[in-house]
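Engineer: Input structure: run33.tsv, which contains TSV, C-alpha atoms.
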chain	number	residue	atom	x	y	z
A	1	MET	CA	22.66	-19.92	11.11
A	2	ASN	CA	19.63	-22.24	11.17
A	3	GLU	CA	17.10	-22.52	8.37
A	4	THR	CA	14.51	-20.25	9.99
A	5	ASP	CA	17.16	-17.55	10.42
A	6	LEU	CA	17.99	-17.93	6.75
A	7	VAL	CA	14.35	-17.37	5.80
A	8	ARG	CA	14.12	-14.38	8.13
A	9	ARG	CA	17.27	-12.86	6.73
A	10	SER	CA	16.32	-13.44	3.12
A	11	LEU	CA	12.98	-11.71	3.70
A	12	ALA	CA	14.48	-8.80	5.62
A	13	GLU	CA	17.07	-8.25	2.92
A	14	LEU	CA	14.66	-8.04	0.03
A	15	PRO	CA	15.47	-4.73	-1.66
A	16	ALA	CA	12.95	-1.92	-1.87
A	17	VAL	CA	10.89	-1.51	-5.02
A	18	LEU	CA	10.52	2.16	-5.97
A	19	PRO	CA	7.25	3.44	-7.40
A	20	PRO	CA	7.70	5.20	-10.76
A	21	PRO	CA	8.29	8.97	-10.29
A	22	ALA	CA	5.43	9.75	-12.69
A	23	LEU	CA	3.04	7.74	-10.52
A	24	SER	CA	4.23	9.50	-7.37
A	25	ALA	CA	3.69	12.89	-9.00
A	26	LYS	CA	0.21	11.85	-10.12
A	27	ILE	CA	-0.73	10.59	-6.66
A	28	ARG	CA	0.58	13.73	-4.94
A	29	ALA	CA	-1.35	16.00	-7.31
A	30	ALA	CA	-4.58	14.06	-6.84
A	31	ALA	CA	-4.11	14.03	-3.06
A	32	GLN	CA	-3.50	17.77	-3.00
A	33	ALA	CA	-6.78	18.33	-4.84
A	34	ARG	CA	-8.63	16.18	-2.29
A	35	LEU	CA	-7.00	17.74	0.75
A	36	VAL	CA	-7.36	21.36	-0.27
A	37	PRO	CA	-10.85	21.92	-1.65
A	38	ALA	CA	-10.98	24.43	-4.49
A	39	LYS	CA	-11.99	27.85	-3.27
A	40	VAL	CA	-15.32	29.08	-4.60
A	41	HIS	CA	-15.03	32.50	-6.19
A	42	ALA	CA	-16.71	35.27	-4.13
A	43	ALA	CA	-18.90	36.17	-7.10
A	44	TRP	CA	-20.67	32.82	-6.82
A	45	GLY	CA	-21.65	33.60	-3.21
A	46	VAL	CA	-23.04	36.99	-4.25
A	47	ALA	CA	-24.92	35.43	-7.16
A	48	ILE	CA	-26.53	32.78	-4.96
A	49	ALA	CA	-27.52	35.32	-2.28
A	50	ALA	CA	-28.99	37.62	-4.94
A	51	SER	CA	-31.02	34.80	-6.50
A	52	VAL	CA	-32.43	33.86	-3.06
A	53	VAL	CA	-33.42	37.49	-2.35
A	54	ALA	CA	-34.98	37.79	-5.82
A	55	TYR	CA	-36.96	34.60	-5.35
A	56	LEU	CA	-38.23	35.65	-1.90
A	57	GLY	CA	-39.19	39.07	-3.30
A	58	TRP	CA	-41.05	37.47	-6.19
A	59	ALA	CA	-42.82	35.07	-3.79
A	60	LEU	CA	-43.88	37.98	-1.59
A	61	VAL	CA	-45.25	39.97	-4.52
A	62	TYR	CA	-47.01	36.94	-5.96
A	63	THR	CA	-48.61	36.04	-2.62
A	64	SER	CA	-49.75	39.60	-1.97
A	65	GLN	CA	-51.49	39.65	-5.38
A	66	LEU	CA	-53.60	36.62	-4.44
A	67	TYR	CA	-55.66	38.53	-1.84
B	1	MET	CA	6.11	5.30	23.35
B	2	PRO	CA	5.49	8.46	21.30
B	3	ASN	CA	3.75	8.03	17.97
B	4	PRO	CA	6.42	8.39	15.24
B	5	ASP	CA	3.77	9.77	12.90
B	6	GLN	CA	2.36	12.35	15.28
B	7	GLU	CA	3.51	15.35	13.27
B	8	THR	CA	2.28	13.79	10.03
B	9	LEU	CA	-1.10	13.07	11.58
B	10	THR	CA	-1.37	16.57	13.02
B	11	LEU	CA	-0.72	18.08	9.59
B	12	LEU	CA	-3.13	15.67	7.90
B	13	ARG	CA	-5.85	16.53	10.40
B	14	ARG	CA	-5.41	20.18	9.40
B	15	ARG	CA	-5.67	19.17	5.73
B	16	ASP	CA	-2.13	20.40	5.28
B	17	PRO	CA	-0.61	18.78	2.14
B	18	ARG	CA	2.76	18.62	3.91
B	19	GLY	CA	1.27	15.88	6.09
B	20	PHE	CA	0.44	13.87	3.00
B	21	ASP	CA	3.91	14.45	1.58
B	22	GLN	CA	5.50	13.24	4.81
B	23	ALA	CA	3.33	10.12	4.83
B	24	TYR	CA	4.13	9.44	1.19
B	25	ALA	CA	7.86	9.95	1.71
B	26	THR	CA	7.85	7.60	4.69
B	27	TYR	CA	5.62	4.80	3.46
B	28	ALA	CA	5.24	4.84	-0.33
B	29	VAL	CA	8.34	2.77	-1.10
B	30	ARG	CA	7.58	0.25	1.64
B	31	LEU	CA	3.97	-0.11	0.59
B	32	PHE	CA	4.91	-0.41	-3.05
B	33	SER	CA	7.48	-3.09	-2.24
B	34	PHE	CA	4.86	-4.95	-0.22
B	35	LEU	CA	2.20	-4.66	-2.93
B	36	THR	CA	4.57	-5.57	-5.76
B	37	ARG	CA	5.60	-8.76	-3.97
B	38	LEU	CA	2.07	-9.54	-2.94
B	39	VAL	CA	0.71	-9.42	-6.49
B	40	GLY	CA	3.90	-10.54	-8.25
B	41	ARG	CA	6.14	-8.43	-10.44
B	42	ALA	CA	4.30	-9.51	-13.58
B	43	GLU	CA	1.29	-7.63	-12.14
B	44	ARG	CA	3.20	-4.42	-11.45
B	45	PRO	CA	0.48	-2.16	-12.94
B	46	LEU	CA	-1.92	-3.63	-10.39
B	47	ALA	CA	0.51	-2.77	-7.60
B	48	GLU	CA	0.70	0.79	-8.94
B	49	ASP	CA	-3.07	1.02	-8.99
B	50	LEU	CA	-3.29	-0.28	-5.43
B	51	LEU	CA	-0.67	2.19	-4.23
B	52	GLN	CA	-2.67	5.00	-5.78
B	53	GLN	CA	-5.91	3.79	-4.20
B	54	THR	CA	-4.23	3.54	-0.81
B	55	PHE	CA	-2.80	7.04	-0.80
B	56	LEU	CA	-5.93	8.61	-2.22
B	57	LYS	CA	-7.82	7.01	0.66
B	58	LEU	CA	-5.30	8.67	2.95
B	59	ALA	CA	-5.96	12.05	1.33
B	60	GLU	CA	-9.68	11.47	1.72
B	61	HIS	CA	-9.75	10.08	5.25
B	62	GLY	CA	-6.47	11.37	6.67
B	63	PRO	CA	-8.12	14.46	8.21
B	64	GLU	CA	-10.47	12.14	10.15
B	65	LEU	CA	-7.69	10.01	11.66
B	66	ARG	CA	-7.10	10.33	15.39
B	67	ALA	CA	-3.89	11.96	16.59
B	68	ASP	CA	-2.82	8.67	18.20
B	69	SER	CA	-3.62	6.48	15.16
B	70	ASP	CA	-1.09	3.95	13.95
B	71	LEU	CA	-0.64	5.39	10.48
B	72	ARG	CA	1.57	2.57	9.24
B	73	ALA	CA	-0.91	-0.12	10.26
B	74	TRP	CA	-3.76	1.95	8.80
B	75	LEU	CA	-1.99	2.23	5.44
B	76	TYR	CA	-1.18	-1.48	5.28
B	77	THR	CA	-4.78	-2.31	6.17
B	78	VAL	CA	-6.09	-0.06	3.40
B	79	ALA	CA	-3.57	-1.47	0.91
B	80	ARG	CA	-4.46	-5.03	1.83
B	81	ASN	CA	-8.20	-4.36	1.60
B	82	ALA	CA	-7.70	-2.67	-1.78
B	83	PHE	CA	-5.77	-5.73	-2.93
B	84	LEU	CA	-8.42	-8.16	-1.69
B	85	GLY	CA	-11.10	-6.06	-3.34
B	86	GLN	CA	-9.25	-6.02	-6.66
B	87	VAL	CA	-8.35	-9.66	-6.87
B	88	ARG	CA	-11.64	-11.06	-5.63
B	89	GLY	CA	-12.94	-12.87	-8.64
B	90	ARG	CA	-9.92	-11.88	-10.67
B	91	HIS	CA	-7.18	-14.25	-11.62
B	92	THR	CA	-3.72	-13.20	-10.42
B	93	THR	CA	-0.66	-14.78	-11.85
B	94	ALA	CA	1.06	-17.47	-9.89
B	95	GLU	CA	4.07	-17.29	-12.13
B	96	GLY	CA	7.41	-16.15	-10.90
B	97	PRO	CA	8.83	-12.72	-11.70
B	98	SER	CA	10.00	-12.10	-15.21
B	99	LEU	CA	13.72	-12.54	-15.71
B	100	GLU	CA	14.16	-9.09	-17.25
B	101	LEU	CA	12.68	-7.44	-14.17
B	102	ILE	CA	14.96	-9.37	-11.85
B	103	ALA	CA	17.93	-8.39	-13.98
B	104	ASP	CA	17.02	-4.70	-13.60
B	105	PHE	CA	16.48	-5.12	-9.94
B	106	ALA	CA	19.87	-5.85	-8.39
B	107	PRO	CA	23.28	-5.24	-9.89
B	108	ASP	CA	25.28	-8.37	-9.12
B	109	ALA	CA	24.39	-11.80	-10.39
B	110	GLU	CA	24.45	-13.56	-7.06
B	111	ALA	CA	22.15	-11.05	-5.39
B	112	ARG	CA	19.93	-11.24	-8.45
B	113	LEU	CA	19.61	-14.98	-8.06
B	114	MET	CA	18.86	-14.68	-4.34
B	115	VAL	CA	16.22	-11.98	-4.77
B	116	GLY	CA	14.71	-13.86	-7.67
B	117	ASP	CA	14.65	-17.09	-5.69
B	118	VAL	CA	12.98	-15.58	-2.65
B	119	GLU	CA	10.43	-13.66	-4.67
B	120	ALA	CA	9.61	-16.62	-6.87
B	121	ALA	CA	9.28	-18.84	-3.81
B	122	LEU	CA	7.00	-16.27	-2.16
B	123	LEU	CA	4.77	-16.23	-5.21
B	124	ARG	CA	4.34	-19.99	-5.06
B	125	LEU	CA	3.00	-19.75	-1.51
B	126	ARG	CA	-0.65	-19.36	-0.63
B	127	LEU	CA	-1.75	-15.74	-0.38
B	128	GLU	CA	-2.24	-16.02	3.41
B	129	ASP	CA	1.32	-17.20	3.92
B	130	ARG	CA	2.73	-14.69	1.49
B	131	GLU	CA	1.11	-11.65	3.07
B	132	LEU	CA	2.07	-12.80	6.54
B	133	LEU	CA	5.72	-13.27	5.60
B	134	LEU	CA	5.81	-9.97	3.76
B	135	LEU	CA	4.22	-8.02	6.60
B	136	VAL	CA	6.33	-9.48	9.38
B	137	GLY	CA	9.49	-10.58	7.60
B	138	ALA	CA	9.98	-8.06	4.81
B	139	GLU	CA	8.15	-4.98	6.13
B	140	GLY	CA	9.11	-5.47	9.75
B	141	LEU	CA	5.66	-4.79	11.19
B	142	GLU	CA	5.24	-5.70	14.83
B	143	PRO	CA	3.49	-9.09	15.21
B	144	ARG	CA	0.95	-7.37	17.47
B	145	ALA	CA	0.06	-4.90	14.69
B	146	VAL	CA	-0.10	-7.72	12.14
B	147	SER	CA	-2.38	-9.86	14.30
B	148	LYS	CA	-4.73	-6.86	14.57
B	149	LEU	CA	-4.47	-6.18	10.84
B	150	LEU	CA	-5.25	-9.77	9.89
B	151	GLY	CA	-7.75	-10.31	12.69
B	152	LEU	CA	-5.79	-13.15	14.27
B	153	GLU	CA	-5.00	-14.03	17.87
B	154	PRO	CA	-1.28	-13.53	18.63
B	155	ALA	CA	-0.82	-17.25	19.34
B	156	THR	CA	-2.49	-18.17	16.03
B	157	LEU	CA	-0.34	-15.64	14.24
B	158	ARG	CA	2.84	-17.13	15.72
B	159	LYS	CA	1.83	-20.63	14.60
B	160	ARG	CA	0.85	-19.47	11.13
B	161	LEU	CA	4.05	-17.48	10.80
B	162	GLU	CA	6.16	-20.47	11.72
B	163	ARG	CA	4.30	-22.65	9.22
B	164	ALA	CA	4.63	-19.99	6.54
B	165	ARG	CA	8.40	-19.81	7.14
B	166	GLN	CA	8.64	-23.57	6.81
B	167	ARG	CA	6.69	-23.50	3.58
B	168	LEU	CA	8.89	-20.74	2.21
B	169	LEU	CA	11.97	-22.71	3.11
B	170	LEU	CA	10.51	-25.72	1.35
B	171	GLU	CA	9.78	-23.63	-1.74
B	172	LEU	CA	13.31	-22.22	-1.68
B	173	GLU	CA	14.70	-25.74	-1.55
B	174	ARG	CA	12.44	-26.78	-4.40
B	175	GLY	CA	13.63	-23.74	-6.32
B	176	GLU	CA	17.21	-24.84	-5.89
B	177	SER	CA	16.35	-28.09	-7.59
B	178	ARG	CA	15.30	-26.15	-10.68
B	179	PRO	CA	18.73	-25.46	-12.19
B	180	ALA	CA	17.45	-24.40	-15.61
B	181	ALA	CA	15.63	-21.39	-14.21
B	182	ALA	CA	18.52	-20.47	-11.94
B	183	LYS	CA	21.03	-20.61	-14.76
B	184	GLU	CA	18.84	-18.39	-16.87
B	185	VAL	CA	18.66	-15.78	-14.13
B	186	SER	CA	22.36	-15.73	-13.40
B	187	SER	CA	23.44	-15.63	-17.04
How would this structure read if it were set down as C-alpha cells?

Structural biologist:
Amino acid sequence: MNETDLVRRSLAELPAVLPPPALSAKIRAAAQARLVPAKVHAAWGVAIAASVVAYLGWALVYTSQLY
Amino acid sequence: MPNPDQETLTLLRRRDPRGFDQAYATYAVRLFSFLTRLVGRAERPLAEDLLQQTFLKLAEHGPELRADSDLRAWLYTVARNAFLGQVRGRHTTAEGPSLELIADFAPDAEARLMVGDVEAALLRLRLEDRELLLLVGAEGLEPRAVSKLLGLEPATLRKRLERARQRLLLELERGESRPAAAKEVSS
C-alpha cells in the first residue's frame, strides 16, 4: 500500500459521529412546524369576512349620508 | 442513473414530513460527521448548530427543490455555506480534539490512536484542504459534485486534492513524531 492509499483509507475509515438524539428530536419538530403550516381555525375566516362586510356596509352608509 | 433521493424529493415537494424524515435519516449522521471534523471536536456545539441550520433550510426550501435535484450535494452546499457564514470573523480552534472525546469515540486503543491522529492532522490543515479531503475522502462525494460545490474546475480539484493528501500525510508523519501526545491518547 503506498502512502496516498494510506491517506485515502484512513479518511474513508473515519467512524461516523452521531448527532445527539435530543438535537435530532428538536430539528425534526422544528422542521415539521415549517413543513406543515398551522391550520387557521374556521372561525377566524368567518370573523375576517364579517369585518370586511361590516366595513363596506359602514362605508356605504357614510357615503350615502354625504349627499 | 436514477436519482437515489427521488422519493424523498417527491415527498418534500408535497410538504410531506416523511420526506424530511427520510432525508434526515439518510444524511444527518454523514453531515454531522463532516461538520464535526470541519470545525473540530472542541467546537461540537457549533457543529450541532450548523446541522440544525442545514436541516431547517431543507424544511424551508425542500418543497421548492426540483425532482431531479442532487439532494446530497444541496445539503453539503448549505452546510458548508452555513459554516463559512458562522466562522467568518470568528476564531475557530486549531487545536486537536480533546483526549476525552477521542476516548469515547472508538473502543480499542489502537483505533483510538488512529482516529485521533487523522482527526488531529486534519485540523492542522488549512480549511480548504480539510474540507476537500473530508468531502471526497471521508464523505465519498463524487469529485464532479465536489468541484461544482466548491466552484472548481475538475482538473484544479484533482491537483488540489493531491496536494491536500500530501499535506495530510506530512501532518500524520509530524504527528507520529509527537510521542507525548500519542502516549496520552493510548493510555

Engineer: From the set A:Val40, A:Leu11, A:Ala47, A:Ala25, which residue has the shortest atom-to-atom contact distance to chain B, counting all atoms listed in the file?

Structural biologist: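 Checking each of A:Val40, A:Leu11, A:Ala47, A:Ala25 against chain B, counting all atoms listed in the file, the winner is A:Leu11.
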
Engineer: Please report as a PyMOL selection string which residues of chain B come no farther than 8 Å from chain A, using all atoms listed in the file.

Structural biologist: chain B and resi 15-17+20-21+28-30+32-33+36+48+52+55-56+59-60+114-115+118+133-134+137-140+165-166+168-169

Engineer: Just the number, please: distance in Å from atom CA of Ala23 of chain B to atom CA of Leu65 of chain B, one decimal.

Structural biologist: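 Separating atom CA of Ala23 of chain B from atom CA of Leu65 of chain B is a distance of 13.0 Å.
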
Engineer: Could you tell me how far atom CA of Leu75 of chain B lies from atom CA of Gly116 of chain B, in Å and to one decimal?

Structural biologist: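 Separating atom CA of Leu75 of chain B from atom CA of Gly116 of chain B is a distance of 26.6 Å.
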
Engineer: If you count only C-alpha atoms, which residues fall within 9 Å of Leu172 of chain B, apart from same-chain ones fewer than 5 positions away, as an NGL selection string?

Structural biologist: (:A and (7)) or (:B and (117-118 or 120-122 or 167 or 177))

Engineer: In Å, how far is it from atom CA of Gly19 of chain B to atom CA of Glu7 of chain B?

Structural biologist: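 Rounded to one decimal, the two atoms are 7.5 Å apart.
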
Engineer: Of the residues B:Leu11, B:Val39, B:Ala67, B:Leu152, which is the one nearest to Leu51 of chain B, using only C-alpha atoms?

Structural biologist: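 For Leu51 of chain B, the nearest of the given residues is B:Val39.
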
Engineer: Quick one: everything within 9 Å of Ala73 of chain B, counting all atoms listed in the file, minus sequence neighbours fewer than 6 positions away in the same chain. Send it as a PyMOL selection string.

Structural biologist: chain B and resi 141+145-146+148-149

Engineer: Export C-alpha atoms of the chosen residues as an mmCIF file, in the frame of the given file?

Structural biologist:
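Output (part_36.cif):
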data_model
loop_
_atom_site.group_PDB
_atom_site.id
_atom_site.type_symbol
_atom_site.label_atom_id
_atom_site.label_comp_id
_atom_site.auth_asym_id
_atom_site.auth_seq_id
_atom_site.Cartn_x
_atom_site.Cartn_y
_atom_site.Cartn_z
ATOM 1 C CA LEU B 141 5.660 -4.790 11.190
ATOM 2 C CA ALA B 145 0.060 -4.900 14.690
ATOM 3 C CA VAL B 146 -0.100 -7.720 12.140
ATOM 4 C CA LYS B 148 -4.730 -6.860 14.570
ATOM 5 C CA LEU B 149 -4.470 -6.180 10.840
#

Engineer: Which polymer residues, whether protein, DNA or RNA, lie within 10 Å of the coordinate (3.2, -9.4, -2.6) when you count all atoms listed in the file? List them as a list in words, using the chain letters and numbers from the file.

Structural biologist: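 Selection result: Leu31, Phe32, Ser33, Phe34, Leu35, Thr36, Arg37, Leu38, Val39, Gly40, Arg41, Glu43, Ala47, Arg80, Phe83, Glu119, Leu122, Leu123, Leu127, Arg130, Glu131, Leu132, Leu133, Leu134 and Leu135 of chain B.
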
Engineer: Within 7 Å of Arg13 of chain B, counting all atoms listed in the file, which residues qualify if same-chain residues fewer than 5 places away don't, as JSON, numbers by chain?

Structural biologist: {"B": [62, 63, 64, 65]}

Engineer: Could you write out the selected residues, including C-alpha atoms, as an mmCIF file, keeping the file's coordinate frame?

Structural biologist:
data_model
loop_
_atom_site.group_PDB
_atom_site.id
_atom_site.type_symbol
_atom_site.label_atom_id
_atom_site.label_comp_id
_atom_site.auth_asym_id
_atom_site.auth_seq_id
_atom_site.Cartn_x
_atom_site.Cartn_y
_atom_site.Cartn_z
ATOM 1 C CA GLY B 62 -6.470 11.370 6.670
ATOM 2 C CA PRO B 63 -8.120 14.460 8.210
ATOM 3 C CA GLU B 64 -10.470 12.140 10.150
ATOM 4 C CA LEU B 65 -7.690 10.010 11.660
#

Engineer: Which residues, written as a list of chain:residue names, have at least one atom at most 12 Å from Arg66 of chain B, with all atoms listed in the file counted and residues fewer than 3 positions away on the same chain left out?

Structural biologist: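 Final neighbour list, sorted by chain and number: B:Asn3, B:Asp5, B:Gln6, B:Glu7, B:Thr8, B:Leu9, B:Thr10, B:Leu11, B:Leu12, B:Arg13, B:Arg14, B:His61, B:Gly62, B:Pro63, B:Ser69, B:Asp70, B:Leu71, B:Trp74.
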
Engineer: How would segment 49-73 of chain B look with N, CA and C atoms restored, written as a PDB file, in the frame of the given file?

Structural biologist:
ATOM      1  N   ASP B  49      -1.677   0.621  -9.200  1.00  0.00           N
ATOM      2  CA  ASP B  49      -3.070   1.020  -8.990  1.00  0.00           C
ATOM      3  C   ASP B  49      -3.441   0.952  -7.506  1.00  0.00           C
ATOM      4  N   LEU B  50      -2.979  -0.095  -6.852  1.00  0.00           N
ATOM      5  CA  LEU B  50      -3.290  -0.280  -5.430  1.00  0.00           C
ATOM      6  C   LEU B  50      -2.595   0.778  -4.574  1.00  0.00           C
ATOM      7  N   LEU B  51      -1.381   1.136  -4.963  1.00  0.00           N
ATOM      8  CA  LEU B  51      -0.670   2.190  -4.230  1.00  0.00           C
ATOM      9  C   LEU B  51      -1.440   3.504  -4.345  1.00  0.00           C
ATOM     10  N   GLN B  52      -1.900   3.771  -5.556  1.00  0.00           N
ATOM     11  CA  GLN B  52      -2.670   5.000  -5.780  1.00  0.00           C
ATOM     12  C   GLN B  52      -3.956   5.001  -4.948  1.00  0.00           C
ATOM     13  N   GLN B  53      -4.660   3.885  -4.991  1.00  0.00           N
ATOM     14  CA  GLN B  53      -5.910   3.790  -4.200  1.00  0.00           C
ATOM     15  C   GLN B  53      -5.638   4.035  -2.719  1.00  0.00           C
ATOM     16  N   THR B  54      -4.552   3.439  -2.236  1.00  0.00           N
ATOM     17  CA  THR B  54      -4.230   3.540  -0.810  1.00  0.00           C
ATOM     18  C   THR B  54      -3.965   4.989  -0.408  1.00  0.00           C
ATOM     19  N   PHE B  55      -3.149   5.671  -1.189  1.00  0.00           N
ATOM     20  CA  PHE B  55      -2.800   7.040  -0.800  1.00  0.00           C
ATOM     21  C   PHE B  55      -3.939   8.031  -1.071  1.00  0.00           C
ATOM     22  N   LEU B  56      -4.777   7.722  -2.032  1.00  0.00           N
ATOM     23  CA  LEU B  56      -5.930   8.610  -2.220  1.00  0.00           C
ATOM     24  C   LEU B  56      -6.929   8.444  -1.074  1.00  0.00           C
ATOM     25  N   LYS B  57      -6.990   7.233  -0.554  1.00  0.00           N
ATOM     26  CA  LYS B  57      -7.820   7.010   0.660  1.00  0.00           C
ATOM     27  C   LYS B  57      -7.252   7.831   1.823  1.00  0.00           C
ATOM     28  N   LEU B  58      -5.925   7.892   1.871  1.00  0.00           N
ATOM     29  CA  LEU B  58      -5.300   8.670   2.950  1.00  0.00           C
ATOM     30  C   LEU B  58      -5.656  10.150   2.791  1.00  0.00           C
ATOM     31  N   ALA B  59      -5.622  10.635   1.549  1.00  0.00           N
ATOM     32  CA  ALA B  59      -5.960  12.050   1.330  1.00  0.00           C
ATOM     33  C   ALA B  59      -7.415  12.307   1.710  1.00  0.00           C
ATOM     34  N   GLU B  60      -8.247  11.316   1.451  1.00  0.00           N
ATOM     35  CA  GLU B  60      -9.680  11.470   1.720  1.00  0.00           C
ATOM     36  C   GLU B  60      -9.988  11.367   3.220  1.00  0.00           C
ATOM     37  N   HIS B  61      -9.411  10.359   3.853  1.00  0.00           N
ATOM     38  CA  HIS B  61      -9.750  10.080   5.250  1.00  0.00           C
ATOM     39  C   HIS B  61      -8.701  10.508   6.260  1.00  0.00           C
ATOM     40  N   GLY B  62      -7.543  10.940   5.773  1.00  0.00           N
ATOM     41  CA  GLY B  62      -6.470  11.370   6.670  1.00  0.00           C
ATOM     42  C   GLY B  62      -6.932  12.417   7.686  1.00  0.00           C
ATOM     43  N   PRO B  63      -7.683  13.435   7.250  1.00  0.00           N
ATOM     44  CA  PRO B  63      -8.120  14.460   8.210  1.00  0.00           C
ATOM     45  C   PRO B  63      -9.031  13.902   9.313  1.00  0.00           C
ATOM     46  N   GLU B  64      -9.593  12.715   9.113  1.00  0.00           N
ATOM     47  CA  GLU B  64     -10.470  12.140  10.150  1.00  0.00           C
ATOM     48  C   GLU B  64      -9.710  11.212  11.096  1.00  0.00           C
ATOM     49  N   LEU B  65      -8.449  10.932  10.795  1.00  0.00           N
ATOM     50  CA  LEU B  65      -7.690  10.010  11.660  1.00  0.00           C
ATOM     51  C   LEU B  65      -7.426  10.659  13.014  1.00  0.00           C
ATOM     52  N   ARG B  66      -7.390   9.817  14.046  1.00  0.00           N
ATOM     53  CA  ARG B  66      -7.100  10.330  15.390  1.00  0.00           C
ATOM     54  C   ARG B  66      -5.610  10.653  15.505  1.00  0.00           C
ATOM     55  N   ALA B  67      -5.290  11.542  16.420  1.00  0.00           N
ATOM     56  CA  ALA B  67      -3.890  11.960  16.590  1.00  0.00           C
ATOM     57  C   ALA B  67      -3.010  10.788  17.046  1.00  0.00           C
ATOM     58  N   ASP B  68      -3.613   9.797  17.714  1.00  0.00           N
ATOM     59  CA  ASP B  68      -2.820   8.670  18.200  1.00  0.00           C
ATOM     60  C   ASP B  68      -2.949   7.432  17.297  1.00  0.00           C
ATOM     61  N   SER B  69      -3.453   7.626  16.084  1.00  0.00           N
ATOM     62  CA  SER B  69      -3.620   6.480  15.160  1.00  0.00           C
ATOM     63  C   SER B  69      -2.265   5.899  14.776  1.00  0.00           C
ATOM     64  N   ASP B  70      -2.290   4.610  14.470  1.00  0.00           N
ATOM     65  CA  ASP B  70      -1.090   3.950  13.950  1.00  0.00           C
ATOM     66  C   ASP B  70      -1.167   4.059  12.423  1.00  0.00           C
ATOM     67  N   LEU B  71      -0.528   5.091  11.909  1.00  0.00           N
ATOM     68  CA  LEU B  71      -0.640   5.390  10.480  1.00  0.00           C
ATOM     69  C   LEU B  71      -0.117   4.245   9.604  1.00  0.00           C
ATOM     70  N   ARG B  72       0.980   3.660  10.030  1.00  0.00           N
ATOM     71  CA  ARG B  72       1.570   2.570   9.240  1.00  0.00           C
ATOM     72  C   ARG B  72       0.589   1.398   9.131  1.00  0.00           C
ATOM     73  N   ALA B  73       0.042   0.996  10.273  1.00  0.00           N
ATOM     74  CA  ALA B  73      -0.910  -0.120  10.260  1.00  0.00           C
ATOM     75  C   ALA B  73      -2.152   0.240   9.435  1.00  0.00           C
TER      76      ALA B  73
END
